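Asker: Enclosed is the structure file query07.cif (mmCIF, C-alpha atoms).
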```cif
data_upload
loop_
_atom_site.label_atom_id
_atom_site.label_comp_id
_atom_site.auth_asym_id
_atom_site.auth_seq_id
_atom_site.Cartn_x
_atom_site.Cartn_y
_atom_site.Cartn_z
CA MET A 1 34.21 -19.10 -44.85
CA PHE A 2 31.36 -17.07 -43.37
CA ARG A 3 28.77 -18.99 -41.35
CA THR A 4 25.79 -17.92 -39.32
CA ASN A 5 24.75 -19.39 -36.03
CA PRO A 6 21.87 -21.78 -36.71
CA SER A 7 20.71 -21.74 -33.07
CA LYS A 8 17.16 -20.66 -32.37
CA GLU A 9 17.87 -18.78 -29.15
CA HIS A 10 17.01 -15.42 -30.73
CA GLN A 11 13.84 -16.62 -32.42
CA PRO A 12 10.58 -15.27 -30.96
CA GLU A 13 8.30 -17.79 -29.33
CA LEU A 14 4.57 -17.26 -29.25
CA VAL A 15 2.91 -18.49 -26.08
CA ASN A 16 -0.79 -18.41 -25.30
CA ILE A 17 -1.26 -17.97 -21.55
CA GLU A 18 -4.60 -19.79 -21.66
CA GLU A 19 -2.81 -22.93 -22.86
CA LEU A 20 -0.34 -22.91 -19.95
CA VAL A 21 -2.98 -23.48 -17.26
CA PRO A 22 -5.14 -26.62 -17.60
CA ARG A 23 -8.92 -26.15 -17.84
CA ASP A 24 -9.59 -28.04 -14.60
CA HIS A 25 -6.87 -26.28 -12.54
CA LEU A 26 -7.76 -25.08 -9.03
CA LEU A 27 -6.90 -21.45 -9.86
CA ARG A 28 -9.35 -21.39 -12.76
CA LYS A 29 -12.09 -22.73 -10.48
CA ILE A 30 -11.33 -20.09 -7.84
CA ASN A 31 -11.34 -17.31 -10.43
CA GLU A 32 -14.70 -18.47 -11.80
CA THR A 33 -16.28 -18.91 -8.37
CA ILE A 34 -15.11 -15.90 -6.34
CA ASP A 35 -15.82 -12.29 -7.24
CA PHE A 36 -12.76 -10.42 -5.99
CA SER A 37 -14.17 -6.95 -6.67
CA PHE A 38 -15.02 -6.51 -2.98
CA ILE A 39 -11.28 -6.09 -2.29
CA ALA A 40 -11.08 -2.93 -4.39
CA GLU A 41 -14.04 -1.46 -2.50
CA LYS A 42 -12.50 -2.31 0.88
CA CYS A 43 -9.13 -0.76 -0.07
CA LYS A 44 -10.44 2.33 -1.84
CA GLU A 45 -10.20 4.56 1.25
CA SER A 46 -6.53 3.69 1.77
CA TYR A 47 -5.41 5.16 -1.56
CA CYS A 48 -5.22 8.82 -2.54
CA GLN A 49 -7.20 9.60 -5.68
CA ASP A 50 -5.28 12.68 -6.85
CA ASN A 51 -1.75 12.46 -5.44
CA GLY A 52 1.19 10.10 -5.62
CA ARG A 53 2.16 7.28 -7.90
CA PRO A 54 -0.39 4.94 -9.42
CA CYS A 55 -0.97 1.97 -7.15
CA LEU A 56 -0.69 -1.69 -7.90
CA ASP A 57 -4.06 -3.36 -8.21
CA PRO A 58 -5.05 -4.51 -4.70
CA ILE A 59 -6.94 -7.45 -6.21
CA MET A 60 -3.76 -8.66 -7.90
CA LEU A 61 -1.81 -8.28 -4.64
CA PHE A 62 -4.43 -10.28 -2.76
CA LYS A 63 -4.41 -13.00 -5.40
CA MET A 64 -0.62 -13.22 -5.16
CA LEU A 65 -0.85 -13.80 -1.40
CA LEU A 66 -3.63 -16.35 -1.87
CA ILE A 67 -1.62 -18.28 -4.46
CA GLY A 68 1.40 -18.20 -2.17
CA TYR A 69 -0.67 -19.61 0.68
CA LEU A 70 -2.32 -22.32 -1.43
CA PHE A 71 0.90 -23.54 -3.01
CA GLY A 72 3.22 -23.10 -0.02
CA ILE A 73 5.29 -20.27 -1.48
CA ARG A 74 6.94 -18.63 1.52
CA SER A 75 8.43 -15.58 -0.17
CA GLU A 76 6.35 -12.60 -1.18
CA ARG A 77 9.01 -11.28 -3.53
#
```
Please go through the file and, once you have read it, give me the structure as structure tokens.
Answerer:
Amino acid sequence: MFRTNPSKEHQPELVNIEELVPRDHLLRKINETIDFSFIAEKCKESYCQDNGRPCLDPIMLFKMLLIGYLFGIRSER
């Protein structure tokens, strides 16, 4: 007799990122309070505008280090 696997492991799951972080979370407060655009201005001279691969956003890299510091994450990987 032919049977199909009734498991749901291959079913897509829709996740809203806004629902994963609580409204009163520290990271939301930091994001609302601090304007991180100054980082892009400070780093602009270090990146070539017309040569090489596209860079990773320096603001995102700074936020990753900040989150690591705040939450005690030792690895930068």
Asker: What's the separation between CA of Pro54 (chain A) and CA of Lys42 (chain A), in Å to one decimal place?
Answerer: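 Taking CA of Pro54 (chain A) and CA of Lys42 (chain A), their separation equals 17.5 Å.
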Asker: Quick one: apply the PyMOL selection byres ((chain A and resi 55-68) around 9) to the file and drop the selected residues here as a ChimeraX atom specification.
Answerer: /A:27,36-40,43,47,52-54,69-76
Asker: Kindly give the distance, in Å, that separates CA of Glu41 (chain A) and CA of Arg77 (chain A), rounded to a single decimal.
Answerer: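 Separation between CA of Glu41 (chain A) and CA of Arg77 (chain A): 25.1 Å.
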Asker: Can you measure CA of Lys29 (chain A) to CA of Asn16 (chain A) for me? One decimal in Å is fine.
Answerer: 19.1 Å
Asker: Give the centre and edge lengths of an axis-aligned box, in Å to one decimal, that holds all listed atoms of region 9-25 of chain A with 5 Å on each side, as lines of an AutoDock Vina configuration file.
Answerer:
```
center_x = 4.1
center_y = -21.7
center_z = -22.5
size_x = 37.5
size_y = 22.8
size_z = 29.9
```
Asker: Using N, CA and C atoms, give me region 7-51 of chain A from the structure I just pasted, as a compact mmCIF listing (two decimals), in the first residue's frame.
Answerer:
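Ended up saving to decode28.txt:
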```txt
# COMPACT_ATOMS: atom_id res chain seq x y z
N SER A 7 4.49 13.99 7.94
CA SER A 7 5.23 14.97 8.74
C SER A 7 5.19 16.34 8.07
N LYS A 8 5.36 17.36 8.88
CA LYS A 8 5.27 18.73 8.39
C LYS A 8 6.64 19.38 8.24
N GLU A 9 7.69 18.57 8.16
CA GLU A 9 9.03 19.14 8.10
C GLU A 9 9.30 19.89 6.79
N HIS A 10 8.57 19.61 5.75
CA HIS A 10 8.79 20.28 4.47
C HIS A 10 7.76 21.38 4.20
N GLN A 11 6.94 21.66 5.18
CA GLN A 11 5.93 22.70 5.03
C GLN A 11 6.56 24.07 5.31
N PRO A 12 6.26 25.06 4.49
CA PRO A 12 6.82 26.40 4.76
C PRO A 12 6.20 27.00 6.01
N GLU A 13 7.00 27.77 6.70
CA GLU A 13 6.54 28.43 7.92
C GLU A 13 6.73 29.93 7.75
N LEU A 14 5.67 30.67 7.91
CA LEU A 14 5.75 32.12 7.78
C LEU A 14 6.04 32.73 9.14
N VAL A 15 7.10 33.53 9.20
CA VAL A 15 7.51 34.16 10.44
C VAL A 15 7.64 35.65 10.20
N ASN A 16 7.04 36.43 11.07
CA ASN A 16 7.16 37.88 11.02
C ASN A 16 8.25 38.29 12.01
N ILE A 17 9.31 38.89 11.50
CA ILE A 17 10.45 39.25 12.35
C ILE A 17 10.03 40.21 13.46
N GLU A 18 9.10 41.09 13.19
CA GLU A 18 8.64 42.05 14.19
C GLU A 18 8.02 41.35 15.41
N GLU A 19 7.45 40.18 15.20
CA GLU A 19 6.83 39.45 16.30
C GLU A 19 7.85 38.70 17.16
N LEU A 20 9.06 38.50 16.65
CA LEU A 20 10.07 37.74 17.39
C LEU A 20 10.71 38.56 18.51
N VAL A 21 10.77 39.88 18.33
CA VAL A 21 11.40 40.74 19.33
C VAL A 21 10.30 41.51 20.06
N PRO A 22 10.23 41.40 21.39
CA PRO A 22 9.20 42.11 22.14
C PRO A 22 9.28 43.62 21.96
N ARG A 23 8.17 44.30 22.11
CA ARG A 23 8.10 45.75 21.92
C ARG A 23 8.97 46.52 22.90
N ASP A 24 9.16 46.01 24.10
CA ASP A 24 9.93 46.73 25.12
C ASP A 24 11.38 46.22 25.24
N HIS A 25 11.87 45.52 24.22
CA HIS A 25 13.22 44.95 24.25
C HIS A 25 14.27 46.06 24.16
N LEU A 26 15.40 45.85 24.81
CA LEU A 26 16.49 46.81 24.83
C LEU A 26 16.95 47.19 23.41
N LEU A 27 17.04 46.23 22.51
CA LEU A 27 17.51 46.53 21.16
C LEU A 27 16.56 47.45 20.40
N ARG A 28 15.28 47.32 20.64
CA ARG A 28 14.33 48.25 20.01
C ARG A 28 14.52 49.66 20.54
N LYS A 29 14.75 49.77 21.84
CA LYS A 29 14.97 51.10 22.45
C LYS A 29 16.23 51.74 21.91
N ILE A 30 17.29 50.95 21.78
CA ILE A 30 18.55 51.48 21.23
C ILE A 30 18.35 51.93 19.79
N ASN A 31 17.67 51.13 18.99
CA ASN A 31 17.45 51.47 17.59
C ASN A 31 16.61 52.73 17.43
N GLU A 32 15.65 52.94 18.33
CA GLU A 32 14.82 54.14 18.27
C GLU A 32 15.55 55.38 18.77
N THR A 33 16.49 55.21 19.67
CA THR A 33 17.15 56.33 20.33
C THR A 33 18.39 56.82 19.59
N ILE A 34 19.19 55.90 19.07
CA ILE A 34 20.48 56.26 18.48
C ILE A 34 20.38 56.28 16.96
N ASP A 35 20.89 57.36 16.37
CA ASP A 35 20.98 57.46 14.92
C ASP A 35 22.37 56.97 14.51
N PHE A 36 22.44 55.81 13.91
CA PHE A 36 23.72 55.19 13.57
C PHE A 36 24.28 55.67 12.23
N SER A 37 23.67 56.63 11.60
CA SER A 37 24.14 57.07 10.29
C SER A 37 25.52 57.72 10.34
N PHE A 38 25.95 58.18 11.51
CA PHE A 38 27.28 58.79 11.62
C PHE A 38 28.38 57.78 11.32
N ILE A 39 28.10 56.49 11.51
CA ILE A 39 29.11 55.46 11.26
C ILE A 39 29.43 55.39 9.77
N ALA A 40 28.43 55.47 8.94
CA ALA A 40 28.65 55.43 7.49
C ALA A 40 29.50 56.62 7.04
N GLU A 41 29.25 57.78 7.62
CA GLU A 41 30.04 58.97 7.27
C GLU A 41 31.49 58.82 7.72
N LYS A 42 31.70 58.27 8.90
CA LYS A 42 33.07 58.08 9.42
C LYS A 42 33.85 57.07 8.59
N CYS A 43 33.17 56.04 8.07
CA CYS A 43 33.85 54.97 7.34
C CYS A 43 33.95 55.21 5.84
N LYS A 44 33.29 56.21 5.34
CA LYS A 44 33.20 56.44 3.90
C LYS A 44 34.57 56.52 3.23
N GLU A 45 35.54 57.17 3.86
CA GLU A 45 36.86 57.34 3.28
C GLU A 45 37.64 56.04 3.19
N SER A 46 37.28 55.04 3.97
CA SER A 46 38.01 53.77 3.99
C SER A 46 37.61 52.82 2.88
N TYR A 47 36.55 53.14 2.15
CA TYR A 47 36.05 52.26 1.10
C TYR A 47 36.21 52.92 -0.26
N CYS A 48 36.62 52.11 -1.24
CA CYS A 48 36.77 52.59 -2.61
C CYS A 48 35.39 52.67 -3.25
N GLN A 49 35.12 53.74 -3.96
CA GLN A 49 33.80 53.95 -4.55
C GLN A 49 33.63 53.24 -5.90
N ASP A 50 34.75 52.99 -6.62
CA ASP A 50 34.61 52.47 -7.98
C ASP A 50 35.43 51.21 -8.26
N ASN A 51 35.91 50.53 -7.23
CA ASN A 51 36.75 49.37 -7.44
C ASN A 51 36.49 48.36 -6.32
```
